[in-house]
$ cat data04.pdb   # PDB, C-alpha atoms
ATOM      1  CA  MET A   1       0.301 -14.655  37.159
ATOM      2  CA  ALA A   2       0.115 -13.053  33.715
ATOM      3  CA  SER A   3      -2.440 -14.535  31.336
ATOM      4  CA  GLU A   4      -1.442 -16.213  28.101
ATOM      5  CA  PRO A   5      -0.865 -13.781  25.204
ATOM      6  CA  VAL A   6      -3.885 -13.320  22.965
ATOM      7  CA  ARG A   7      -3.411 -14.981  19.580
ATOM      8  CA  ILE A   8      -3.922 -12.309  16.920
ATOM      9  CA  GLY A   9      -4.755 -12.741  13.261
ATOM     10  CA  VAL A  10      -4.350  -9.848  10.814
ATOM     11  CA  LEU A  11      -6.077  -9.194   7.483
ATOM     12  CA  ALA A  12      -4.141  -6.695   5.366
ATOM     13  CA  SER A  13      -4.052  -5.656   1.720
ATOM     14  CA  GLY A  14      -1.243  -3.112   1.564
ATOM     15  CA  GLY A  15       2.014  -2.133   3.181
ATOM     16  CA  GLY A  16       1.058  -3.132   6.688
ATOM     17  CA  THR A  17       2.252  -0.043   8.563
ATOM     18  CA  ASP A  18      -0.712  -0.181  10.965
ATOM     19  CA  MET A  19       0.088  -3.832  11.627
ATOM     20  CA  GLN A  20       3.732  -2.890  12.175
ATOM     21  CA  SER A  21       2.696  -0.417  14.870
ATOM     22  CA  VAL A  22       1.027  -3.284  16.725
ATOM     23  CA  MET A  23       4.059  -5.530  16.209
ATOM     24  CA  ASP A  24       6.307  -2.840  17.641
ATOM     25  CA  ALA A  25       4.073  -2.426  20.701
ATOM     26  CA  ILE A  26       4.096  -6.198  21.241
ATOM     27  CA  ASP A  27       7.895  -6.279  20.973
ATOM     28  CA  ALA A  28       8.094  -3.433  23.497
ATOM     29  CA  GLY A  29       6.003  -5.435  25.978
ATOM     30  CA  ARG A  30       3.024  -3.082  25.898
ATOM     31  CA  ILE A  31       0.563  -5.619  24.468
ATOM     32  CA  ASN A  32      -0.094  -9.066  25.908
ATOM     33  CA  GLY A  33      -0.615 -10.569  22.477
ATOM     34  CA  ARG A  34       1.113 -12.363  19.631
ATOM     35  CA  ILE A  35       0.477 -12.077  15.902
ATOM     36  CA  VAL A  36       0.278 -15.702  14.785
ATOM     37  CA  LEU A  37      -1.182 -15.303  11.294
ATOM     38  CA  VAL A  38      -1.284 -12.604   8.621
ATOM     39  CA  ILE A  39      -3.606 -13.088   5.655
ATOM     40  CA  SER A  40      -3.638 -10.891   2.560
ATOM     41  CA  ASP A  41      -5.862 -10.925  -0.487
ATOM     42  CA  LYS A  42      -2.843  -9.767  -2.524
ATOM     43  CA  PRO A  43       0.364 -11.822  -2.851
ATOM     44  CA  THR A  44       2.361  -8.601  -3.357
ATOM     45  CA  SER A  45       1.229  -7.048  -0.067
ATOM     46  CA  PHE A  46       4.256  -5.908   1.921
ATOM     47  CA  ALA A  47       2.362  -6.820   5.076
ATOM     48  CA  LEU A  48       3.190 -10.440   4.242
ATOM     49  CA  GLU A  49       6.913  -9.635   4.160
ATOM     50  CA  ARG A  50       6.673  -7.823   7.492
ATOM     51  CA  ALA A  51       4.993 -10.900   8.953
ATOM     52  CA  ARG A  52       7.621 -13.279   7.575
ATOM     53  CA  ARG A  53      10.421 -11.161   9.022
ATOM     54  CA  ALA A  54       8.687 -11.306  12.402
ATOM     55  CA  GLY A  55       8.279 -15.064  12.222
ATOM     56  CA  SER A  56       4.498 -15.019  11.844
ATOM     57  CA  GLU A  57       2.667 -17.454   9.610
ATOM     58  CA  THR A  58       1.287 -16.000   6.376
ATOM     59  CA  ALA A  59      -1.372 -16.921   3.843
ATOM     60  CA  VAL A  60      -2.761 -15.479   0.623
ATOM     61  CA  ILE A  61      -6.500 -15.902   0.158
ATOM     62  CA  SER A  62      -7.858 -14.049  -2.871
ATOM     63  CA  PRO A  63     -11.516 -13.274  -3.541
ATOM     64  CA  LYS A  64     -10.807 -14.080  -7.191
ATOM     65  CA  ASP A  65     -10.566 -17.740  -6.217
ATOM     66  CA  PHE A  66     -14.138 -17.883  -4.916
ATOM     67  CA  PRO A  67     -17.440 -17.503  -6.778
ATOM     68  CA  THR A  68     -19.057 -15.391  -4.049
ATOM     69  CA  ARG A  69     -18.078 -12.932  -1.321
ATOM     70  CA  ALA A  70     -19.662 -15.250   1.227
ATOM     71  CA  GLU A  71     -17.404 -18.150   0.243
ATOM     72  CA  PHE A  72     -14.355 -15.885   0.383
ATOM     73  CA  SER A  73     -15.347 -14.689   3.841
ATOM     74  CA  GLN A  74     -15.922 -18.284   4.943
ATOM     75  CA  ALA A  75     -12.425 -19.222   3.769
ATOM     76  CA  LEU A  76     -10.964 -16.371   5.817
ATOM     77  CA  ALA A  77     -12.949 -17.422   8.878
ATOM     78  CA  ASP A  78     -11.889 -21.047   8.506
ATOM     79  CA  ARG A  79      -8.208 -20.143   8.235
ATOM     80  CA  LEU A  80      -8.384 -17.846  11.262
ATOM     81  CA  ARG A  81     -10.142 -20.548  13.281
ATOM     82  CA  GLU A  82      -7.419 -23.033  12.320
ATOM     83  CA  ALA A  83      -4.863 -20.635  13.800
ATOM     84  CA  GLU A  84      -6.985 -20.399  16.975
ATOM     85  CA  VAL A  85      -6.940 -16.609  16.983
ATOM     86  CA  GLY A  86      -8.727 -14.719  19.723
ATOM     87  CA  LEU A  87      -8.600 -11.339  17.987
ATOM     88  CA  VAL A  88      -8.756 -10.360  14.313
ATOM     89  CA  LEU A  89      -7.342  -7.044  13.101
ATOM     90  CA  LEU A  90      -8.388  -5.454   9.837
ATOM     91  CA  ALA A  91      -5.322  -3.334   9.084
ATOM     92  CA  GLY A  92      -5.824  -1.757   5.684
ATOM     93  CA  PHE A  93      -7.899  -4.680   4.412
ATOM     94  CA  MET A  94      -9.643  -3.474   1.238
ATOM     95  CA  PHE A  95     -12.570  -5.866   1.243
ATOM     96  CA  ILE A  96     -15.977  -5.634   2.897
ATOM     97  CA  THR A  97     -16.591  -9.029   4.448
ATOM     98  CA  THR A  98     -19.858 -10.868   4.970
ATOM     99  CA  ALA A  99     -21.595 -12.487   7.940
ATOM    100  CA  GLU A 100     -19.563 -15.668   7.517
ATOM    101  CA  LEU A 101     -16.599 -13.786   8.971
ATOM    102  CA  THR A 102     -18.199 -11.082  11.124
ATOM    103  CA  ASP A 103     -20.450 -13.553  12.947
ATOM    104  CA  ALA A 104     -17.568 -15.973  13.557
ATOM    105  CA  PHE A 105     -15.567 -13.271  15.336
ATOM    106  CA  ALA A 106     -18.271 -11.011  16.740
ATOM    107  CA  GLY A 107     -16.801  -8.803  19.449
ATOM    108  CA  ARG A 108     -13.341 -10.057  18.533
ATOM    109  CA  MET A 109     -12.651  -8.189  15.285
ATOM    110  CA  ILE A 110     -11.248  -4.664  15.163
ATOM    111  CA  ASN A 111     -10.879  -2.256  12.243
ATOM    112  CA  ILE A 112      -9.241   1.135  11.894
ATOM    113  CA  HIS A 113     -10.782   3.781   9.632
ATOM    114  CA  PRO A 114      -9.039   7.024   8.563
ATOM    115  CA  ALA A 115     -11.852   9.403   9.522
ATOM    116  CA  LEU A 116     -14.040  10.271  12.496
ATOM    117  CA  ILE A 117     -16.948   7.838  12.248
ATOM    118  CA  PRO A 118     -19.876   8.364  11.639
ATOM    119  CA  ALA A 119     -18.591  10.935   9.133
ATOM    120  CA  PHE A 120     -16.911   9.904   5.868
ATOM    121  CA  CYS A 121     -17.366   6.183   6.333
ATOM    122  CA  GLY A 122     -19.155   3.215   4.841
ATOM    123  CA  LYS A 123     -19.191   1.882   1.309
ATOM    124  CA  GLY A 124     -16.829   3.743  -1.022
ATOM    125  CA  PHE A 125     -14.965   5.552   1.748
ATOM    126  CA  TYR A 126     -11.529   3.977   1.765
ATOM    127  CA  GLY A 127      -7.958   5.127   1.197
ATOM    128  CA  HIS A 128      -7.571   8.553  -0.363
ATOM    129  CA  HIS A 129     -11.284   8.694  -1.208
ATOM    130  CA  VAL A 130     -11.831   9.472   2.479
ATOM    131  CA  HIS A 131      -9.368  12.362   2.581
ATOM    132  CA  GLU A 132     -10.582  13.783  -0.733
ATOM    133  CA  ALA A 133     -14.123  13.846   0.632
ATOM    134  CA  VAL A 134     -12.990  15.462   3.888
ATOM    135  CA  LEU A 135     -11.203  18.271   2.043
ATOM    136  CA  ALA A 136     -14.070  18.780  -0.399
ATOM    137  CA  TYR A 137     -16.545  19.142   2.468
ATOM    138  CA  GLY A 138     -14.419  21.728   4.227
ATOM    139  CA  VAL A 139     -14.420  20.228   7.712
ATOM    140  CA  LYS A 140     -11.847  21.607  10.148
ATOM    141  CA  VAL A 141     -10.867  18.367  11.895
ATOM    142  CA  SER A 142     -10.488  14.765  10.853
ATOM    143  CA  GLY A 143      -8.744  11.783  12.394
ATOM    144  CA  CYS A 144      -9.061   8.045  12.810
ATOM    145  CA  THR A 145     -11.466   5.642  14.478
ATOM    146  CA  VAL A 146     -10.840   2.176  15.879
ATOM    147  CA  HIS A 147     -14.030   0.154  16.111
ATOM    148  CA  PHE A 148     -15.391  -3.340  16.453
ATOM    149  CA  VAL A 149     -16.466  -4.849  13.142
ATOM    150  CA  GLU A 150     -20.075  -5.607  12.372
ATOM    151  CA  LEU A 151     -21.765  -6.636   9.129
ATOM    152  CA  ASP A 152     -22.365  -3.069   7.892
ATOM    153  CA  ALA A 153     -19.168  -1.286   6.849
ATOM    154  CA  ASP A 154     -17.674   0.978   9.538
ATOM    155  CA  ALA A 155     -20.801   0.622  11.666
ATOM    156  CA  GLY A 156     -19.542  -1.264  14.722
ATOM    157  CA  PRO A 157     -19.137   0.161  18.236
ATOM    158  CA  ILE A 158     -16.348   2.726  18.534
ATOM    159  CA  ILE A 159     -13.388   1.871  20.773
ATOM    160  CA  LEU A 160     -11.407   5.101  20.471
ATOM    161  CA  GLN A 161     -10.755   8.042  18.176
ATOM    162  CA  ARG A 162      -7.901  10.453  17.623
ATOM    163  CA  VAL A 163      -8.274  13.901  16.058
ATOM    164  CA  VAL A 164      -6.040  15.960  13.773
ATOM    165  CA  PRO A 165      -6.558  19.457  12.358
ATOM    166  CA  VAL A 166      -7.365  19.908   8.688
ATOM    167  CA  LYS A 167      -5.068  22.658   7.432
ATOM    168  CA  GLU A 168      -5.807  25.254   4.764
ATOM    169  CA  ASP A 169      -3.078  23.965   2.455
ATOM    170  CA  ASP A 170      -3.728  20.245   3.011
ATOM    171  CA  THR A 171      -3.773  17.789   0.150
ATOM    172  CA  PRO A 172      -5.091  14.239   0.445
ATOM    173  CA  ASP A 173      -1.476  13.129   0.834
ATOM    174  CA  THR A 174      -0.560  15.516   3.646
ATOM    175  CA  LEU A 175      -3.800  14.861   5.519
ATOM    176  CA  ALA A 176      -3.372  11.110   5.106
ATOM    177  CA  ALA A 177       0.158  11.285   6.514
ATOM    178  CA  ARG A 178      -0.987  13.261   9.567
ATOM    179  CA  ILE A 179      -3.800  10.801  10.243
ATOM    180  CA  LEU A 180      -1.591   7.763   9.681
ATOM    181  CA  ALA A 181       0.707   8.924  12.477
ATOM    182  CA  GLU A 182      -2.319   8.888  14.797
ATOM    183  CA  GLU A 183      -3.436   5.479  13.513
ATOM    184  CA  HIS A 184      -0.082   4.123  14.649
ATOM    185  CA  LYS A 185      -0.956   5.247  18.189
ATOM    186  CA  ALA A 186      -4.656   4.402  18.205
ATOM    187  CA  LEU A 187      -4.580   0.837  16.900
ATOM    188  CA  PRO A 188      -1.924  -0.463  19.332
ATOM    189  CA  GLU A 189      -3.775   1.174  22.224
ATOM    190  CA  ALA A 190      -7.055  -0.479  21.247
ATOM    191  CA  VAL A 191      -5.319  -3.844  20.875
ATOM    192  CA  ARG A 192      -3.618  -3.362  24.248
ATOM    193  CA  LEU A 193      -6.959  -2.729  25.929
ATOM    194  CA  PHE A 194      -8.591  -5.711  24.238
ATOM    195  CA  CYS A 195      -5.768  -8.074  25.169
ATOM    196  CA  ALA A 196      -5.943  -6.832  28.755
ATOM    197  CA  GLY A 197      -9.672  -7.670  28.874
ATOM    198  CA  ARG A 198     -10.580  -4.036  29.400
ATOM    199  CA  LEU A 199     -13.126  -3.482  26.598
ATOM    200  CA  GLN A 200     -16.808  -4.104  27.320
ATOM    201  CA  ILE A 201     -19.424  -3.693  24.597
ATOM    202  CA  ASP A 202     -22.786  -2.344  25.775
ATOM    203  CA  GLY A 203     -24.978  -1.853  22.712
ATOM    204  CA  ARG A 204     -23.278   0.845  20.666
ATOM    205  CA  VAL A 205     -21.062   1.959  23.557
ATOM    206  CA  VAL A 206     -17.644   0.478  24.335
ATOM    207  CA  HIS A 207     -16.658   0.915  27.972
ATOM    208  CA  VAL A 208     -12.974   0.927  28.910
ATOM    209  CA  LEU A 209     -12.723  -0.928  32.199
ATOM    210  CA  PRO A 210     -10.120  -0.040  34.832
ATOM    211  CA  PRO A 211      -7.037  -2.271  34.971
ATOM    212  CA  ALA A 212      -7.233  -5.306  37.199
ATOM    213  CA  GLU A 213      -3.956  -4.218  38.749
ATOM    214  CA  PRO A 214      -2.416  -0.735  38.956
ATOM    215  CA  GLU A 215      -0.450  -0.015  35.793
ATOM    216  CA  VAL A 216       3.141   1.092  36.234
ATOM    217  CA  SER A 217       3.850   4.357  34.457
ATOM    218  CA  ASP A 218       7.079   4.880  32.561
TER     219      ASP A 218
END
$ encode --input "data04.pdb" --output "structure tokens"
Amino acid sequence: MASEPVRIGVLASGGGTDMQSVMDAIDAGRINGRIVLVISDKPTSFALERARRAGSETAVISPKDFPTRAEFSQALADRLREAEVGLVLLAGFMFITTAELTDAFAGRMINIHPALIPAFCGKGFYGHHVHEAVLAYGVKVSGCTVHFVELDADAGPIILQRVVPVKEDDTPDTLAARILAEEHKALPEAVRLFCAGRLQIDGRVVHVLPPAEPEVSD
């Protein structure tokens, strides 16, 4: 008998295309999960509209409404707990959270970063700043990393990575577009594995366990 779908909460600040890739995989039956709540720190985030169209609950929780980062993080954690989520996705969430959130969902919070961690990551490396730094350094490959979230930015155990070439004529925009296409494959795959109970954290290493039952190929 199939297990109950994992209840997923999403934190997003922007357009929500990474979240949409997960929604599409859920709709296609590839992920045993359900997005039950989408929270944004910005009321204009299009991720909220995507969630409403899909019938998911939404909330706006802004750091401007709290005197400290810790209280903001606590408010996020409280709202996610209320929704009884089993997995939290950071999908383009432009805020570094504190222990109030990371401790509450340790081993159950996933982020996607537009570079190959441990390169070009951590404080200050977000959005186009990442791709500008990649091009300035002259590396020949870049990509994206899906990882579990810990207190330090982009420092949690790595679940999977996907690689793209850096071309001679790349701009931050063209490189970002090439990486985003891979993000839309990597994040749903990581969520699929988590919801199937196939990710095991062993220190810094994430092991992908074999499926409990043989998977049927398309």
$ closest_residue --input "data04.pdb" --among "A:Glu71, A:Asp41, A:Glu182, A:Asp24" --to "Ala54 of chain A" --atoms "all atoms listed in the file"
A:Asp24
$ resolve_selection --input "data04.pdb" --expression "the PyMOL selection byres ((chain A and resi 187-203) around 9)" --output "VMD selection string"
chain A and resid 3 5 to 6 18 to 19 21 to 26 30 to 33 87 89 91 107 to 108 110 to 112 145 to 147 157 159 to 160 182 to 186 204 to 212
$ residues_around --input "data04.pdb" --residues "segment 115-127 of chain A" --least-positions-apart "4" --cutoff "6 Å" --atoms "only C-alpha atoms" --output "PyMOL selection string"
chain A and resi 142-145+153-154
$ resolve_selection --input "data04.pdb" --expression "the PyMOL selection byres ((chain A and resi 36) around 12)" --output "PyMOL selection string"
chain A and resi 5-11+23+33-35+37-39+51-52+54-59+79-89
$ write_last_selection --input "data04.pdb" --atoms "C-alpha atoms" --output "PDB file, keeping the file's coordinate frame"
ATOM      1  CA  PRO A   5      -0.865 -13.781  25.204  1.00  0.00           C
ATOM      2  CA  VAL A   6      -3.885 -13.320  22.965  1.00  0.00           C
ATOM      3  CA  ARG A   7      -3.411 -14.981  19.580  1.00  0.00           C
ATOM      4  CA  ILE A   8      -3.922 -12.309  16.920  1.00  0.00           C
ATOM      5  CA  GLY A   9      -4.755 -12.741  13.261  1.00  0.00           C
ATOM      6  CA  VAL A  10      -4.350  -9.848  10.814  1.00  0.00           C
ATOM      7  CA  LEU A  11      -6.077  -9.194   7.483  1.00  0.00           C
ATOM      8  CA  MET A  23       4.059  -5.530  16.209  1.00  0.00           C
ATOM      9  CA  GLY A  33      -0.615 -10.569  22.477  1.00  0.00           C
ATOM     10  CA  ARG A  34       1.113 -12.363  19.631  1.00  0.00           C
ATOM     11  CA  ILE A  35       0.477 -12.077  15.902  1.00  0.00           C
ATOM     12  CA  LEU A  37      -1.182 -15.303  11.294  1.00  0.00           C
ATOM     13  CA  VAL A  38      -1.284 -12.604   8.621  1.00  0.00           C
ATOM     14  CA  ILE A  39      -3.606 -13.088   5.655  1.00  0.00           C
ATOM     15  CA  ALA A  51       4.993 -10.900   8.953  1.00  0.00           C
ATOM     16  CA  ARG A  52       7.621 -13.279   7.575  1.00  0.00           C
ATOM     17  CA  ALA A  54       8.687 -11.306  12.402  1.00  0.00           C
ATOM     18  CA  GLY A  55       8.279 -15.064  12.222  1.00  0.00           C
ATOM     19  CA  SER A  56       4.498 -15.019  11.844  1.00  0.00           C
ATOM     20  CA  GLU A  57       2.667 -17.454   9.610  1.00  0.00           C
ATOM     21  CA  THR A  58       1.287 -16.000   6.376  1.00  0.00           C
ATOM     22  CA  ALA A  59      -1.372 -16.921   3.843  1.00  0.00           C
ATOM     23  CA  ARG A  79      -8.208 -20.143   8.235  1.00  0.00           C
ATOM     24  CA  LEU A  80      -8.384 -17.846  11.262  1.00  0.00           C
ATOM     25  CA  ARG A  81     -10.142 -20.548  13.281  1.00  0.00           C
ATOM     26  CA  GLU A  82      -7.419 -23.033  12.320  1.00  0.00           C
ATOM     27  CA  ALA A  83      -4.863 -20.635  13.800  1.00  0.00           C
ATOM     28  CA  GLU A  84      -6.985 -20.399  16.975  1.00  0.00           C
ATOM     29  CA  VAL A  85      -6.940 -16.609  16.983  1.00  0.00           C
ATOM     30  CA  GLY A  86      -8.727 -14.719  19.723  1.00  0.00           C
ATOM     31  CA  LEU A  87      -8.600 -11.339  17.987  1.00  0.00           C
ATOM     32  CA  VAL A  88      -8.756 -10.360  14.313  1.00  0.00           C
ATOM     33  CA  LEU A  89      -7.342  -7.044  13.101  1.00  0.00           C
TER      34      LEU A  89
END
$ atom_distance --input "data04.pdb" --atom1 "atom CA of Pro43 of chain A" --atom2 "atom CA of His113 of chain A"
22.9 Å
$ atom_distance --input "data04.pdb" --atom1 "atom CA of Val130 of chain A" --atom2 "atom CA of Phe46 of chain A"
22.3 Å
$ axis_aligned_box --input "data04.pdb" --around "segment 139-158 of chain A" --padding-each-side "8 Å" --output "lines of an AutoDock Vina configuration file"
center_x = -15.6
center_y = 7.5
center_z = 12.7
size_x = 29.6
size_y = 44.2
size_z = 27.7
$ closest_residue --input "data04.pdb" --among "A:Val141, A:Ile179, A:Ala28, A:Leu90" --to "Met109 of chain A" --atoms "only C-alpha atoms"
A:Leu90
$ residues_around --input "data04.pdb" --residues "Leu101 of chain A" --least-positions-apart "4" --cutoff "9 Å" --atoms "all atoms listed in the file" --output "PyMOL selection string"
chain A and resi 70+73-78+97+105-106+151
$ build_atoms --input "data04.pdb" --residues "segment 96-115 of chain A" --atoms "N, CA and C atoms" --output "compact mmCIF listing (two decimals), in the coordinates of the input"
# COMPACT_ATOMS: atom_id res chain seq x y z
N ILE A 96 -14.87 -5.61 1.94
CA ILE A 96 -15.98 -5.63 2.90
C ILE A 96 -16.44 -7.07 3.04
N THR A 97 -16.28 -7.62 4.23
CA THR A 97 -16.59 -9.03 4.45
C THR A 97 -18.09 -9.25 4.69
N THR A 98 -18.46 -10.51 4.77
CA THR A 98 -19.86 -10.87 4.97
C THR A 98 -20.03 -11.53 6.34
N ALA A 99 -21.26 -11.94 6.62
CA ALA A 99 -21.60 -12.49 7.94
C ALA A 99 -20.80 -13.74 8.28
N GLU A 100 -20.34 -14.46 7.26
CA GLU A 100 -19.56 -15.67 7.52
C GLU A 100 -18.32 -15.36 8.35
N LEU A 101 -17.77 -14.19 8.18
CA LEU A 101 -16.60 -13.79 8.97
C LEU A 101 -17.00 -12.97 10.19
N THR A 102 -17.87 -11.97 10.00
CA THR A 102 -18.20 -11.08 11.12
C THR A 102 -18.92 -11.83 12.25
N ASP A 103 -19.75 -12.79 11.90
CA ASP A 103 -20.45 -13.55 12.95
C ASP A 103 -19.48 -14.48 13.68
N ALA A 104 -18.52 -15.03 12.95
CA ALA A 104 -17.57 -15.97 13.56
C ALA A 104 -16.70 -15.30 14.60
N PHE A 105 -16.45 -13.99 14.42
CA PHE A 105 -15.57 -13.27 15.34
C PHE A 105 -16.24 -12.03 15.92
N ALA A 106 -17.52 -12.13 16.16
CA ALA A 106 -18.27 -11.01 16.74
C ALA A 106 -17.66 -10.60 18.08
N GLY A 107 -17.41 -9.31 18.22
CA GLY A 107 -16.80 -8.80 19.45
C GLY A 107 -15.32 -9.10 19.56
N ARG A 108 -14.76 -9.70 18.52
CA ARG A 108 -13.34 -10.06 18.53
C ARG A 108 -12.65 -9.64 17.23
N MET A 109 -13.24 -8.69 16.53
CA MET A 109 -12.65 -8.19 15.28
C MET A 109 -12.63 -6.67 15.32
N ILE A 110 -11.45 -6.11 15.05
CA ILE A 110 -11.25 -4.66 15.16
C ILE A 110 -10.77 -4.11 13.83
N ASN A 111 -11.29 -2.95 13.47
CA ASN A 111 -10.88 -2.26 12.24
C ASN A 111 -10.45 -0.83 12.59
N ILE A 112 -9.58 -0.28 11.75
CA ILE A 112 -9.24 1.14 11.89
C ILE A 112 -9.62 1.85 10.61
N HIS A 113 -10.28 3.01 10.77
CA HIS A 113 -10.78 3.78 9.63
C HIS A 113 -10.19 5.19 9.69
N PRO A 114 -9.73 5.73 8.55
CA PRO A 114 -9.04 7.02 8.56
C PRO A 114 -9.96 8.24 8.53
N ALA A 115 -10.97 8.25 9.36
CA ALA A 115 -11.85 9.40 9.52
C ALA A 115 -12.57 9.25 10.85
